[in-house]
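Asks: Take this structure first; my questions come after.
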Amino acid sequence: MRATVIDYKAGNLTSVLKALHHLGAETQVTDGDLSLVESAERIVLPGVGHFAATQRLDTTGLTTAIRAAIGRGVPFLGICVGMQWLYAGSTEAPSQPGLGVFAEQCTRFPEGHEKVPHVGWNSLEPMPGSRLLAGVESGAYVYFTHSFKAPVTQDTAAVTYYVEPFASVVERANVFGVQFHPEKSGETGLKILKNFLLLDAKEKAC
């Protein structure tokens, strides 16, 4: 198992690499070497912080290379802001486009009785048939820290409730995203990462 991990200088890189190594994966990290994306078997994009930081993916050419890899059927996993980047964009940085695999926008949680950001453990309600969530039971807890969220659509593979329902996992063909941090989510998080690593490379193209 080999995973190419994207470093755009705003990701939780060390913890993600540690979790992947724990699962027996070989990893290679790139912050702009497009040849590593072109030869990738699987791609992981960790992300934290502000959506505007994803501009670095555009300026380094990584956006174009990742889009081409997805088109070839390479499995892709976006984590936290890395998941939000799969959408058309986010109201956090309206002028910065996302990859656009999903047409919707990510938006901030509305102010209510709960505090924003959403930080801590919360549960997943998986949809039937998800490959990424195979073996993950309904109600399993994972660790979140975010102020912006994706809407529930036909591409939602799991729903979580905080203020309102939001997509905590998305899945379409070879493209996957998780709003939480699997590398900080105990055995459930490791199970999800292992499922991703065991996907057949180039099985289905988005």
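Going through the structure tokens in order, the chains are called A, B, and so on, while each chain numbers its residues from 1 and the ligands are numbered from 1 in the order shown.
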Return as a Markdown table the residues of region 77-178 of chain A lying at most 10 Å from region 45-60 of chain A, together with the closest atom-to-atom pair for each and the distance in Å to one decimal, counting only C-alpha atoms, with rows in chain order and ascending residue number.
Replies:
```
| residue | atom | partner | partner_atom | distance |
| --- | --- | --- | --- | --- |
| A:Leu77 | CA | A:Leu45 | CA | 6.2 |
| A:Gly78 | CA | A:Leu45 | CA | 4.8 |
| A:Ile79 | CA | A:Pro46 | CA | 4.8 |
| A:Cys80 | CA | A:Gly47 | CA | 5.6 |
| A:Val81 | CA | A:Gly47 | CA | 4.7 |
| A:Gly82 | CA | A:Gly47 | CA | 4.8 |
| A:Met83 | CA | A:Gly47 | CA | 8.1 |
| A:Gln84 | CA | A:Phe51 | CA | 8.0 |
| A:Trp85 | CA | A:Thr54 | CA | 7.4 |
| A:Gly89 | CA | A:Phe51 | CA | 8.5 |
| A:Ser90 | CA | A:Phe51 | CA | 7.0 |
| A:Thr91 | CA | A:Phe51 | CA | 8.9 |
| A:Glu92 | CA | A:Phe51 | CA | 6.3 |
| A:Ala93 | CA | A:Ala52 | CA | 5.5 |
| A:Pro94 | CA | A:Ala52 | CA | 8.6 |
| A:Ser95 | CA | A:Ala52 | CA | 8.4 |
| A:Gln96 | CA | A:Ala52 | CA | 6.1 |
| A:Pro97 | CA | A:Gln55 | CA | 8.2 |
| A:Gly98 | CA | A:Thr54 | CA | 7.9 |
| A:Leu99 | CA | A:Asp58 | CA | 9.6 |
| A:Cys106 | CA | A:Phe51 | CA | 10.0 |
| A:Thr145 | CA | A:Val48 | CA | 8.8 |
| A:His146 | CA | A:Val48 | CA | 8.5 |
| A:Ser147 | CA | A:Gly49 | CA | 9.8 |
| A:Phe148 | CA | A:Phe51 | CA | 9.4 |
| A:Gly177 | CA | A:Leu45 | CA | 9.2 |
| A:Val178 | CA | A:Pro46 | CA | 9.8 |
```
Asks: Return as a list in words the full set of residues in region 98-130 of chain A whose backbone-based DSSP assignment is strand (DSSP E or B).
Replies: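 Taking region 98-130 of chain A and keeping strand (DSSP E or B) only, one gets Phe102, Ala103, Glu104, Gln105, Cys106, Thr107, Arg108, His118, Val119, Gly120, Trp121, Asn122, Ser123, Glu125 and Pro126 of chain A.
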Asks: So which one's closest to Ala69 (chain A), A:Leu132, A:Val116, A:Val175, A:Leu20? Using only C-alpha atoms, please.
Replies: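 Among the listed residues, the smallest separation from Ala69 (chain A) belongs to A:Val175.
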Asks: Calculated over only C-alpha atoms, which of the candidates A:Asp33, A:Asp155, A:Glu38, A:Glu183 has the smallest distance to Leu17 (chain A)?
Replies: A:Glu183
Asks: Figure out the distance between CA of Leu23 (chain A) and CA of Gly135 (chain A), please, to one decimal in Å.
Replies: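 Calculated distance between CA of Gly135 (chain A) and CA of Leu23 (chain A) is 16.3 Å.
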Asks: Which residue out of A:Tyr162, A:Pro182, A:Lys191, A:Glu114 has the minimum interatomic distance to Val136 (chain A) when only C-alpha atoms are used?
Replies: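 Among the listed residues, the smallest separation from Val136 (chain A) belongs to A:Lys191.
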Asks: Identify, with DSSP run on backbone atoms, the residues in region 40-205 of chain A assigned to alpha helix (DSSP H), and express the list as number ranges by chain.
Replies: A: 55-59, 62-71, 81-84, 186-197
Asks: Using C-alpha atoms, can you write the selected residues to a file as a tab-separated table (two decimals), in the first residue's frame?
Replies:
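The file below, again_26.tsv, is the result:
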```
chain	number	residue	atom	x	y	z
A	55	GLN	CA	-4.59	28.69	-3.16
A	56	ARG	CA	-1.15	27.11	-2.86
A	57	LEU	CA	-2.52	24.02	-4.60
A	58	ASP	CA	-3.34	26.22	-7.60
A	59	THR	CA	-0.06	28.12	-7.71
A	62	LEU	CA	-1.07	20.52	-7.74
A	63	THR	CA	-4.74	21.27	-8.44
A	64	THR	CA	-4.33	20.40	-12.12
A	65	ALA	CA	-2.27	17.31	-11.33
A	66	ILE	CA	-4.77	16.07	-8.72
A	67	ARG	CA	-7.70	16.63	-11.08
A	68	ALA	CA	-5.92	14.56	-13.74
A	69	ALA	CA	-5.13	11.79	-11.24
A	70	ILE	CA	-8.76	11.61	-10.15
A	71	GLY	CA	-9.75	11.40	-13.81
A	81	VAL	CA	-10.41	21.44	4.78
A	82	GLY	CA	-9.16	18.85	2.29
A	83	MET	CA	-12.75	17.58	2.08
A	84	GLN	CA	-14.16	21.10	1.75
A	186	GLY	CA	-9.04	6.16	17.55
A	187	GLU	CA	-9.92	2.75	16.16
A	188	THR	CA	-12.80	4.09	14.07
A	189	GLY	CA	-10.51	6.56	12.34
A	190	LEU	CA	-7.89	3.90	11.69
A	191	LYS	CA	-10.58	1.62	10.25
A	192	ILE	CA	-11.62	4.33	7.81
A	193	LEU	CA	-8.03	5.02	6.75
A	194	LYS	CA	-7.43	1.28	6.31
A	195	ASN	CA	-10.53	1.00	4.13
A	196	PHE	CA	-9.12	3.76	1.95
A	197	LEU	CA	-5.72	2.10	1.70
```
Asks: Name the closest residue to Val170 (chain A) among the candidates A:Trp121, A:Tyr141, A:Tyr87, A:Phe109; distances are taken between atoms, counting only C-alpha atoms.
Replies: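 Closest to Val170 (chain A), using only C-alpha atoms: A:Tyr87.
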Asks: Rank nothing, just name the residue among A:Ala103, A:Ala140, A:Val44, A:Ala158 nearest to Leu13 (chain A), using only C-alpha atoms.
Replies: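 Ranked by minimum distance to Leu13 (chain A), first place goes to A:Val44.
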Asks: Have a look at A:Pro128, A:Ala173, A:Lys184, A:Phe102 and name the one nearest to Pro151 (chain A); count only C-alpha atoms.
Replies: A:Phe102
